[in-house]
Amino acid sequence: TIRNNKEGYNYLVKNFKSLGIKYIDSIANFITIIFNTEDEAIDLTKYMLNRGIILRHLANFGFSNAIRITIGTKSENSTFIKELEQRMR
């Protein structure tokens, strides 16, 4: 729903800011996060995939250092952020 998307967006953005992760504002059901290098984007994509979380590396769209994250349910977003925090340590 629209409310779930807005709440999920706010939750993810708040956590991206606290982790120092750059992102592109969005009004869609996804958020694009930006890394300094393509290797960082690839590493996170693989790390998350190994944990059952599918992200879209945007190299085929001309953004080799970016990943698209779909805004999910509260539970999915929470799991993603927990894994992201673990990876960023």
# chains A, B, ... in the order shown; residues from 1 in each chain; ligands from 1
$ residues_around --residues "Asn5 (chain A)" --least-positions-apart "6" --cutoff "12 Å" --atoms "only C-alpha atoms" --output "list in words"
Tyr11, Leu12, Val13, Ser26, Ile27, Ala28, Asn29, Phe30, Ile31, Thr70, Ile71, Gly72, Thr73, Lys74 and Asn77 of chain A
$ residues_around --residues "Leu44 (chain A)" --least-positions-apart "6" --cutoff "12 Å" --atoms "only C-alpha atoms" --output "list in words"
Ile33, Ile34, Phe35, Thr37, Glu38, Asn50, Arg51, Ile53, Ile54, Leu55, Arg56, His57, Asn65, Ala66, Ile67, Arg68, Ile69, Phe80, Glu83, Leu84, Glu85, Gln86, Arg87 and Met88 of chain A
$ closest_residue --among "A:Thr1, A:Ala41, A:Leu58, A:Gly52" --to "Glu76 (chain A)" --atoms "only C-alpha atoms"
A:Gly52
$ select_by_dssp --residues "chain A" --states "alpha helix (DSSP H)" --output "PyMOL selection string"
chain A and resi 2-19+38-49+74-88
$ select_by_dssp --residues "chain A" --states "strand (DSSP E)" --output "VMD selection string"
chain A and resid 22 to 24 30 to 34 56 to 57 66 to 70
$ write_last_selection --atoms "all heavy atoms" --output "CSV table (one decimal), in the first residue's frame"
chain,number,residue,atom,x,y,z
A,22,LYS,N,24.9,7.0,1.1
A,22,LYS,CA,24.2,8.0,0.2
A,22,LYS,C,23.1,7.3,-0.6
A,22,LYS,O,23.2,6.1,-0.9
A,22,LYS,CB,25.2,8.5,-0.9
A,22,LYS,CG,26.4,9.2,-0.3
A,22,LYS,CD,27.4,9.6,-1.4
A,22,LYS,CE,28.8,9.8,-0.8
A,22,LYS,NZ,29.8,9.8,-1.8
A,23,TYR,N,22.0,8.0,-0.8
A,23,TYR,CA,20.9,7.5,-1.5
A,23,TYR,C,20.3,8.5,-2.4
A,23,TYR,O,20.5,9.7,-2.2
A,23,TYR,CB,19.9,6.9,-0.5
A,23,TYR,CG,19.3,8.0,0.3
A,23,TYR,CD1,18.1,8.6,0.0
A,23,TYR,CD2,19.9,8.4,1.5
A,23,TYR,CE1,17.5,9.6,0.8
A,23,TYR,CE2,19.3,9.4,2.3
A,23,TYR,CZ,18.2,10.0,1.9
A,23,TYR,OH,17.6,11.0,2.7
A,24,ILE,N,19.4,8.1,-3.3
A,24,ILE,CA,18.7,9.0,-4.2
A,24,ILE,C,17.3,9.0,-3.7
A,24,ILE,O,16.6,7.9,-3.6
A,24,ILE,CB,18.8,8.5,-5.7
A,24,ILE,CG1,20.2,8.5,-6.2
A,24,ILE,CG2,17.9,9.4,-6.6
A,24,ILE,CD1,20.4,7.9,-7.6
A,30,PHE,N,11.0,1.8,-4.4
A,30,PHE,CA,12.4,1.4,-4.3
A,30,PHE,C,13.3,2.6,-4.0
A,30,PHE,O,12.9,3.7,-4.2
A,30,PHE,CB,13.0,0.7,-5.5
A,30,PHE,CG,12.9,1.5,-6.8
A,30,PHE,CD1,14.0,2.4,-7.1
A,30,PHE,CD2,11.9,1.4,-7.6
A,30,PHE,CE1,13.9,3.1,-8.2
A,30,PHE,CE2,11.8,2.2,-8.8
A,30,PHE,CZ,12.9,3.1,-9.1
A,31,ILE,N,14.5,2.4,-3.4
A,31,ILE,CA,15.5,3.4,-3.2
A,31,ILE,C,16.8,3.0,-3.8
A,31,ILE,O,17.1,1.8,-3.7
A,31,ILE,CB,15.6,3.6,-1.6
A,31,ILE,CG1,14.3,3.9,-1.0
A,31,ILE,CG2,16.7,4.7,-1.4
A,31,ILE,CD1,14.4,4.0,0.5
A,32,THR,N,17.5,3.9,-4.4
A,32,THR,CA,18.8,3.6,-4.9
A,32,THR,C,19.9,4.1,-3.9
A,32,THR,O,19.8,5.3,-3.5
A,32,THR,CB,19.0,4.3,-6.3
A,32,THR,OG1,18.0,3.8,-7.2
A,32,THR,CG2,20.4,4.0,-6.8
A,33,ILE,N,20.8,3.2,-3.6
A,33,ILE,CA,21.9,3.6,-2.7
A,33,ILE,C,23.2,3.7,-3.5
A,33,ILE,O,23.3,2.9,-4.5
A,33,ILE,CB,22.1,2.8,-1.4
A,33,ILE,CG1,22.3,1.3,-1.8
A,33,ILE,CG2,20.8,2.9,-0.5
A,33,ILE,CD1,22.5,0.4,-0.5
A,34,ILE,N,24.0,4.6,-3.2
A,34,ILE,CA,25.2,4.9,-4.0
A,34,ILE,C,26.5,4.6,-3.1
A,34,ILE,O,26.6,5.0,-1.9
A,34,ILE,CB,25.3,6.4,-4.4
A,34,ILE,CG1,24.0,6.8,-5.0
A,34,ILE,CG2,26.5,6.7,-5.2
A,34,ILE,CD1,23.7,6.2,-6.3
A,56,ARG,N,19.2,-5.3,-6.6
A,56,ARG,CA,19.6,-5.1,-8.0
A,56,ARG,C,20.8,-4.2,-8.2
A,56,ARG,O,20.7,-3.0,-7.9
A,56,ARG,CB,18.4,-4.5,-8.8
A,56,ARG,CG,18.8,-4.4,-10.3
A,56,ARG,CD,17.6,-3.8,-11.1
A,56,ARG,NE,16.6,-4.7,-11.3
A,56,ARG,CZ,16.5,-5.6,-12.3
A,56,ARG,NH1,17.5,-5.6,-13.2
A,56,ARG,NH2,15.5,-6.4,-12.5
A,57,HIS,N,21.9,-4.7,-8.6
A,57,HIS,CA,23.1,-3.9,-8.9
A,57,HIS,C,22.7,-3.2,-10.2
A,57,HIS,O,22.3,-3.8,-11.2
A,57,HIS,CB,24.3,-4.8,-9.1
A,57,HIS,CG,25.5,-4.1,-9.4
A,57,HIS,ND1,26.5,-4.6,-10.3
A,57,HIS,CD2,26.0,-2.9,-8.9
A,57,HIS,CE1,27.5,-3.7,-10.4
A,57,HIS,NE2,27.2,-2.7,-9.5
A,66,ALA,N,26.0,1.6,-7.8
A,66,ALA,CA,24.7,1.8,-7.2
A,66,ALA,C,23.9,0.5,-7.1
A,66,ALA,O,24.1,-0.4,-7.9
A,66,ALA,CB,23.8,2.8,-8.0
A,67,ILE,N,23.0,0.4,-6.1
A,67,ILE,CA,22.1,-0.7,-5.9
A,67,ILE,C,20.7,-0.2,-5.7
A,67,ILE,O,20.5,0.8,-5.0
A,67,ILE,CB,22.6,-1.5,-4.7
A,67,ILE,CG1,24.0,-2.1,-4.8
A,67,ILE,CG2,21.6,-2.6,-4.4
A,67,ILE,CD1,24.5,-2.7,-3.6
A,68,ARG,N,19.8,-0.9,-6.2
A,68,ARG,CA,18.3,-0.6,-6.0
A,68,ARG,C,17.8,-1.5,-5.0
A,68,ARG,O,17.9,-2.8,-5.1
A,68,ARG,CB,17.5,-0.7,-7.3
A,68,ARG,CG,16.1,-0.2,-7.1
A,68,ARG,CD,15.3,-0.4,-8.4
A,68,ARG,NE,14.8,-1.8,-8.4
A,68,ARG,CZ,14.1,-2.3,-9.3
A,68,ARG,NH1,13.8,-1.6,-10.4
A,68,ARG,NH2,13.6,-3.5,-9.2
A,69,ILE,N,17.1,-1.0,-4.0
A,69,ILE,CA,16.5,-1.7,-2.9
A,69,ILE,C,15.0,-1.5,-3.0
A,69,ILE,O,14.5,-0.4,-2.9
A,69,ILE,CB,17.0,-1.3,-1.5
A,69,ILE,CG1,18.5,-1.6,-1.4
A,69,ILE,CG2,16.2,-2.0,-0.4
A,69,ILE,CD1,19.3,-0.5,-1.2
A,70,THR,N,14.2,-2.6,-3.1
A,70,THR,CA,12.8,-2.5,-3.1
A,70,THR,C,12.3,-2.3,-1.7
A,70,THR,O,12.8,-3.0,-0.7
A,70,THR,CB,12.2,-3.8,-3.7
A,70,THR,OG1,12.6,-3.9,-5.0
A,70,THR,CG2,10.6,-3.7,-3.6
$ atom_distance --atom1 "CA of Phe61 (chain A)" --atom2 "CA of Lys14 (chain A)"
26.0 Å
$ atom_distance --atom1 "CA of Met48 (chain A)" --atom2 "CA of Ile21 (chain A)"
16.0 Å
